[in-house]
Amino acid sequence: MHALAARRHPELIAVITTCLSETIGDDVDGILRKIDLPMELVPMHTPSYVGSHVTGYDNAVKALVVKLAEQTGPTDKINITVGLLNPGDIRELKSMLEMMRVKANILTDISETLDAPLRLPRPSFPTGGTTLKEIADTANSLGSIAMCKHAGGGAVTYLANKHKVPMILGAAPIGVANTDAFLEHVGQLVGRPVPEQLRRDRGRLIDAMIDVQFKTVQKKVAIFADPDVASGVARFEHELGMEPSIVATGTTSKEFVKDVQAIASQTGHEIEILSGCDLYGLHEAVKADGVDLLMANTHGKTIADDEGIAFARIGFPVYDRVGYQRRAIIGYNGGINLVALITNSFLEHGDVS
């Protein structure tokens, strides 16, 4: 750690625990308190035998605000935890906030760090990202919104309990209704209406959906993704006239089950909900239900091939196609991208009727 500090001069070092240190019972927090270094040292408890990668991400973001958030006086900003979305999603979020003239602390802003431009001379760290000052300032914001409550809800809840920052644990802004609700929440926190430019984007999404109704209506779909993405996509599938027959996630979550049950109740669809599901369980469900489309990460491709159904890549990881990290699925423009992705998946599969 001293060598890292000497070579890179970071402002913060995150110390991420493993199964071994957690099982042995190492006092990681106590050890870090004894280390004399001129930067923040943040312990993040992420044993792989607790929950899933979503749990680890949620723990990590919460650890940042627990360590750094500090009340210094009210601001006109809001906090948004974004979850395990792509750089393209964060850029779309920032674009929507800019249209609304809203300032936000984004936890965490990967739009310019995980998709950094190549410029010379190369800096020691990518430019952009969420600053330590912004994380500290989360305690003073008008409110917090967890775009993906399973991966960021812990930080939002901590800020509400510790610093009395109002919180909203909503649905991921995927599709029409969820994006409408997200923008309404933002507007309520800052006292500002949704601007005309975003309303035009909404209209373009609805127009795109109408254009492809003859390809999507009554098609049965299976969805496998992180819980907030899976439930968000399921609602959007209904908006497209499709039938979300299977909605699955690898993360065990009662909240996920409740979210999808609410969608089933509101839409009248019969949905098989698989919480804590692996690829074998997903494959067995797809065989039994006979869906037309599988939406999943790259690992779902073999299932789609075995069952002879259309396949659309969403979620993490997608490593057999180039550029996925740049394409948003949130917001109205992200919805347009999803419309194209879904429809083209049917066309590529040979459904040209």
# chains A, B, ... in the order shown; residues from 1 in each chain; ligands from 1

call {"tool": "closest_atom_pairs", "arguments": {"of": "range 67-186 of chain A", "to": "range 300-324 of chain A", "cutoff": "10 Å", "atoms": "only C-alpha atoms", "output": "JSON lines"}}
result
{"residue": "A:Leu84", "atom": "CA", "partner": "A:Phe316", "partner_atom": "CA", "distance": 8.2}
{"residue": "A:Leu85", "atom": "CA", "partner": "A:Gly315", "partner_atom": "CA", "distance": 7.8}
{"residue": "A:Asn86", "atom": "CA", "partner": "A:Tyr324", "partner_atom": "CA", "distance": 8.2}
{"residue": "A:Pro87", "atom": "CA", "partner": "A:Tyr324", "partner_atom": "CA", "distance": 9.5}
{"residue": "A:Gly88", "atom": "CA", "partner": "A:Tyr324", "partner_atom": "CA", "distance": 8.5}

call {"tool": "residues_around", "arguments": {"residues": "Arg91 in chain A", "least_positions_apart": "4", "cutoff": "12 Å", "atoms": "only C-alpha atoms", "output": "MDAnalysis selection string"}}
result
chainID A and resid 82 85:87 95:98 106 108:115 128:129 325:331 333:334

call {"tool": "closest_residue", "arguments": {"among": "A:Ser275, A:Thr131, A:Asn79, A:Ser21", "to": "Leu189 in chain A", "atoms": "only C-alpha atoms"}}
result
A:Asn79

call {"tool": "select_by_dssp", "arguments": {"residues": "range 51-267 of chain A", "states": "strand (DSSP E or B)", "output": "VMD selection string"}}
result
chain A and resid 78 to 81 104 to 107 144 to 146 167 to 169 174 220 to 224 243 to 249

call {"tool": "write_last_selection", "arguments": {"atoms": "N, CA and C atoms", "output": "mmCIF file, in the first residue's frame"}}
result
data_model
loop_
_atom_site.group_PDB
_atom_site.id
_atom_site.type_symbol
_atom_site.label_atom_id
_atom_site.label_comp_id
_atom_site.auth_asym_id
_atom_site.auth_seq_id
_atom_site.Cartn_x
_atom_site.Cartn_y
_atom_site.Cartn_z
ATOM 1 N N ILE A 78 -28.648 17.090 -5.727
ATOM 2 C CA ILE A 78 -29.244 15.834 -5.299
ATOM 3 C C ILE A 78 -28.211 14.720 -5.467
ATOM 4 N N ASN A 79 -28.446 13.607 -4.807
ATOM 5 C CA ASN A 79 -27.585 12.434 -4.944
ATOM 6 C C ASN A 79 -28.287 11.393 -5.805
ATOM 7 N N ILE A 80 -27.537 10.769 -6.700
ATOM 8 C CA ILE A 80 -28.085 9.671 -7.499
ATOM 9 C C ILE A 80 -27.088 8.521 -7.486
ATOM 10 N N THR A 81 -27.510 7.373 -6.947
ATOM 11 C CA THR A 81 -26.695 6.164 -7.056
ATOM 12 C C THR A 81 -27.175 5.417 -8.289
ATOM 13 N N ALA A 104 -26.036 17.218 -9.608
ATOM 14 C CA ALA A 104 -26.133 15.948 -8.884
ATOM 15 C C ALA A 104 -24.762 15.416 -8.518
ATOM 16 N N ASN A 105 -24.709 14.768 -7.349
ATOM 17 C CA ASN A 105 -23.574 13.934 -6.972
ATOM 18 C C ASN A 105 -23.897 12.522 -7.444
ATOM 19 N N ILE A 106 -23.158 12.037 -8.431
ATOM 20 C CA ILE A 106 -23.432 10.731 -9.012
ATOM 21 C C ILE A 106 -22.499 9.705 -8.396
ATOM 22 N N LEU A 107 -23.081 8.690 -7.793
ATOM 23 C CA LEU A 107 -22.310 7.620 -7.156
ATOM 24 C C LEU A 107 -22.533 6.304 -7.902
ATOM 25 N N SER A 144 -31.920 12.017 -2.162
ATOM 26 C CA SER A 144 -31.175 10.967 -2.850
ATOM 27 C C SER A 144 -32.138 10.072 -3.615
ATOM 28 N N ILE A 145 -31.703 9.639 -4.799
ATOM 29 C CA ILE A 145 -32.461 8.683 -5.601
ATOM 30 C C ILE A 145 -31.556 7.503 -5.916
ATOM 31 N N ALA A 146 -32.029 6.298 -5.629
ATOM 32 C CA ALA A 146 -31.314 5.085 -6.024
ATOM 33 C C ALA A 146 -31.923 4.597 -7.327
ATOM 34 N N MET A 167 -34.902 10.172 0.834
ATOM 35 C CA MET A 167 -34.486 9.175 -0.146
ATOM 36 C C MET A 167 -35.678 8.663 -0.950
ATOM 37 N N ILE A 168 -35.380 8.241 -2.190
ATOM 38 C CA ILE A 168 -36.350 7.616 -3.071
ATOM 39 C C ILE A 168 -35.725 6.348 -3.624
ATOM 40 N N LEU A 169 -36.327 5.214 -3.322
ATOM 41 C CA LEU A 169 -35.871 3.929 -3.857
ATOM 42 C C LEU A 169 -36.853 3.534 -4.954
ATOM 43 N N ILE A 174 -36.043 2.573 -16.983
ATOM 44 C CA ILE A 174 -36.005 1.856 -18.254
ATOM 45 C C ILE A 174 -37.414 1.844 -18.828
ATOM 46 N N LYS A 220 -43.348 -13.770 -26.506
ATOM 47 C CA LYS A 220 -42.978 -14.160 -25.146
ATOM 48 C C LYS A 220 -41.474 -14.009 -24.957
ATOM 49 N N VAL A 221 -41.084 -13.455 -23.807
ATOM 50 C CA VAL A 221 -39.672 -13.161 -23.582
ATOM 51 C C VAL A 221 -39.239 -13.639 -22.204
ATOM 52 N N ALA A 222 -38.006 -14.111 -22.125
ATOM 53 C CA ALA A 222 -37.347 -14.425 -20.859
ATOM 54 C C ALA A 222 -36.243 -13.402 -20.635
ATOM 55 N N ILE A 223 -36.137 -12.904 -19.415
ATOM 56 C CA ILE A 223 -35.158 -11.866 -19.076
ATOM 57 C C ILE A 223 -34.272 -12.375 -17.950
ATOM 58 N N PHE A 224 -32.961 -12.237 -18.125
ATOM 59 C CA PHE A 224 -32.012 -12.624 -17.077
ATOM 60 C C PHE A 224 -30.992 -11.509 -16.938
ATOM 61 N N GLU A 243 -44.927 -10.249 -23.840
ATOM 62 C CA GLU A 243 -45.286 -10.969 -22.624
ATOM 63 C C GLU A 243 -44.021 -11.405 -21.895
ATOM 64 N N PRO A 244 -43.659 -10.709 -20.812
ATOM 65 C CA PRO A 244 -42.490 -11.157 -20.027
ATOM 66 C C PRO A 244 -42.832 -12.421 -19.242
ATOM 67 N N SER A 245 -42.528 -13.576 -19.824
ATOM 68 C CA SER A 245 -42.942 -14.857 -19.236
ATOM 69 C C SER A 245 -42.029 -15.296 -18.106
ATOM 70 N N ILE A 246 -40.728 -15.032 -18.244
ATOM 71 C CA ILE A 246 -39.738 -15.410 -17.235
ATOM 72 C C ILE A 246 -38.906 -14.176 -16.915
ATOM 73 N N VAL A 247 -38.823 -13.825 -15.646
ATOM 74 C CA VAL A 247 -37.963 -12.720 -15.216
ATOM 75 C C VAL A 247 -37.054 -13.273 -14.131
ATOM 76 N N ALA A 248 -35.760 -13.318 -14.422
ATOM 77 C CA ALA A 248 -34.822 -14.015 -13.554
ATOM 78 C C ALA A 248 -33.620 -13.143 -13.228
ATOM 79 N N THR A 249 -33.044 -13.395 -12.057
ATOM 80 C CA THR A 249 -31.810 -12.725 -11.644
ATOM 81 C C THR A 249 -30.962 -13.692 -10.838
#

call {"tool": "select_by_dssp", "arguments": {"residues": "range 155-189 of chain A", "states": "alpha helix (DSSP H)", "output": "list of chain:residue names"}}
result
A:Ala155, A:Val156, A:Thr157, A:Tyr158, A:Leu159, A:Ala160, A:Asn161, A:Lys162, A:His163, A:Val176, A:Ala177, A:Asn178, A:Thr179, A:Asp180, A:Ala181, A:Phe182, A:Leu183, A:Glu184, A:His185, A:Val186, A:Gly187, A:Gln188, A:Leu189

call {"tool": "write_last_selection", "arguments": {"atoms": "N, CA and C atoms", "output": "PDB file, in the first residue's frame"}}
result
ATOM      1  N   ALA A 155     -26.325   2.920   0.336  1.00  0.00           N
ATOM      2  CA  ALA A 155     -25.764   4.253   0.548  1.00  0.00           C
ATOM      3  C   ALA A 155     -26.873   5.277   0.762  1.00  0.00           C
ATOM      4  N   VAL A 156     -27.932   5.193  -0.047  1.00  0.00           N
ATOM      5  CA  VAL A 156     -29.051   6.122   0.070  1.00  0.00           C
ATOM      6  C   VAL A 156     -29.737   5.975   1.430  1.00  0.00           C
ATOM      7  N   THR A 157     -29.915   4.739   1.864  1.00  0.00           N
ATOM      8  CA  THR A 157     -30.546   4.493   3.166  1.00  0.00           C
ATOM      9  C   THR A 157     -29.675   5.007   4.303  1.00  0.00           C
ATOM     10  N   TYR A 158     -28.361   4.817   4.196  1.00  0.00           N
ATOM     11  CA  TYR A 158     -27.453   5.337   5.230  1.00  0.00           C
ATOM     12  C   TYR A 158     -27.543   6.857   5.318  1.00  0.00           C
ATOM     13  N   LEU A 159     -27.549   7.530   4.180  1.00  0.00           N
ATOM     14  CA  LEU A 159     -27.620   8.992   4.187  1.00  0.00           C
ATOM     15  C   LEU A 159     -28.939   9.477   4.795  1.00  0.00           C
ATOM     16  N   ALA A 160     -30.008   8.724   4.552  1.00  0.00           N
ATOM     17  CA  ALA A 160     -31.298   9.096   5.134  1.00  0.00           C
ATOM     18  C   ALA A 160     -31.294   8.918   6.644  1.00  0.00           C
ATOM     19  N   ASN A 161     -30.741   7.810   7.111  1.00  0.00           N
ATOM     20  CA  ASN A 161     -30.746   7.516   8.550  1.00  0.00           C
ATOM     21  C   ASN A 161     -29.750   8.369   9.324  1.00  0.00           C
ATOM     22  N   LYS A 162     -28.573   8.571   8.758  1.00  0.00           N
ATOM     23  CA  LYS A 162     -27.512   9.278   9.462  1.00  0.00           C
ATOM     24  C   LYS A 162     -27.601  10.790   9.313  1.00  0.00           C
ATOM     25  N   HIS A 163     -27.891  11.253   8.104  1.00  0.00           N
ATOM     26  CA  HIS A 163     -27.835  12.684   7.811  1.00  0.00           C
ATOM     27  C   HIS A 163     -29.197  13.276   7.426  1.00  0.00           C
ATOM     28  N   VAL A 176     -40.888   3.749 -20.704  1.00  0.00           N
ATOM     29  CA  VAL A 176     -41.672   4.985 -20.605  1.00  0.00           C
ATOM     30  C   VAL A 176     -42.076   5.284 -19.166  1.00  0.00           C
ATOM     31  N   ALA A 177     -42.824   4.376 -18.544  1.00  0.00           N
ATOM     32  CA  ALA A 177     -43.380   4.645 -17.219  1.00  0.00           C
ATOM     33  C   ALA A 177     -42.290   4.848 -16.175  1.00  0.00           C
ATOM     34  N   ASN A 178     -41.262   4.019 -16.201  1.00  0.00           N
ATOM     35  CA  ASN A 178     -40.198   4.133 -15.201  1.00  0.00           C
ATOM     36  C   ASN A 178     -39.393   5.413 -15.381  1.00  0.00           C
ATOM     37  N   THR A 179     -39.158   5.818 -16.623  1.00  0.00           N
ATOM     38  CA  THR A 179     -38.446   7.081 -16.855  1.00  0.00           C
ATOM     39  C   THR A 179     -39.314   8.265 -16.448  1.00  0.00           C
ATOM     40  N   ASP A 180     -40.615   8.187 -16.750  1.00  0.00           N
ATOM     41  CA  ASP A 180     -41.535   9.234 -16.293  1.00  0.00           C
ATOM     42  C   ASP A 180     -41.432   9.411 -14.785  1.00  0.00           C
ATOM     43  N   ALA A 181     -41.475   8.287 -14.056  1.00  0.00           N
ATOM     44  CA  ALA A 181     -41.446   8.346 -12.591  1.00  0.00           C
ATOM     45  C   ALA A 181     -40.123   8.909 -12.090  1.00  0.00           C
ATOM     46  N   PHE A 182     -39.017   8.498 -12.713  1.00  0.00           N
ATOM     47  CA  PHE A 182     -37.710   8.996 -12.292  1.00  0.00           C
ATOM     48  C   PHE A 182     -37.612  10.507 -12.458  1.00  0.00           C
ATOM     49  N   LEU A 183     -38.024  11.011 -13.605  1.00  0.00           N
ATOM     50  CA  LEU A 183     -37.944  12.448 -13.852  1.00  0.00           C
ATOM     51  C   LEU A 183     -38.880  13.227 -12.928  1.00  0.00           C
ATOM     52  N   GLU A 184     -40.029  12.647 -12.617  1.00  0.00           N
ATOM     53  CA  GLU A 184     -40.930  13.280 -11.657  1.00  0.00           C
ATOM     54  C   GLU A 184     -40.283  13.359 -10.275  1.00  0.00           C
ATOM     55  N   HIS A 185     -39.575  12.293  -9.882  1.00  0.00           N
ATOM     56  CA  HIS A 185     -38.883  12.308  -8.591  1.00  0.00           C
ATOM     57  C   HIS A 185     -37.810  13.390  -8.558  1.00  0.00           C
ATOM     58  N   VAL A 186     -37.035  13.491  -9.647  1.00  0.00           N
ATOM     59  CA  VAL A 186     -36.016  14.536  -9.720  1.00  0.00           C
ATOM     60  C   VAL A 186     -36.669  15.909  -9.618  1.00  0.00           C
ATOM     61  N   GLY A 187     -37.744  16.105 -10.376  1.00  0.00           N
ATOM     62  CA  GLY A 187     -38.433  17.387 -10.357  1.00  0.00           C
ATOM     63  C   GLY A 187     -38.990  17.741  -8.992  1.00  0.00           C
ATOM     64  N   GLN A 188     -39.498  16.747  -8.270  1.00  0.00           N
ATOM     65  CA  GLN A 188     -40.035  16.996  -6.934  1.00  0.00           C
ATOM     66  C   GLN A 188     -38.941  17.427  -5.962  1.00  0.00           C
ATOM     67  N   LEU A 189     -37.764  16.812  -6.073  1.00  0.00           N
ATOM     68  CA  LEU A 189     -36.680  17.145  -5.147  1.00  0.00           C
ATOM     69  C   LEU A 189     -36.153  18.560  -5.371  1.00  0.00           C
TER      70      LEU A 189
END
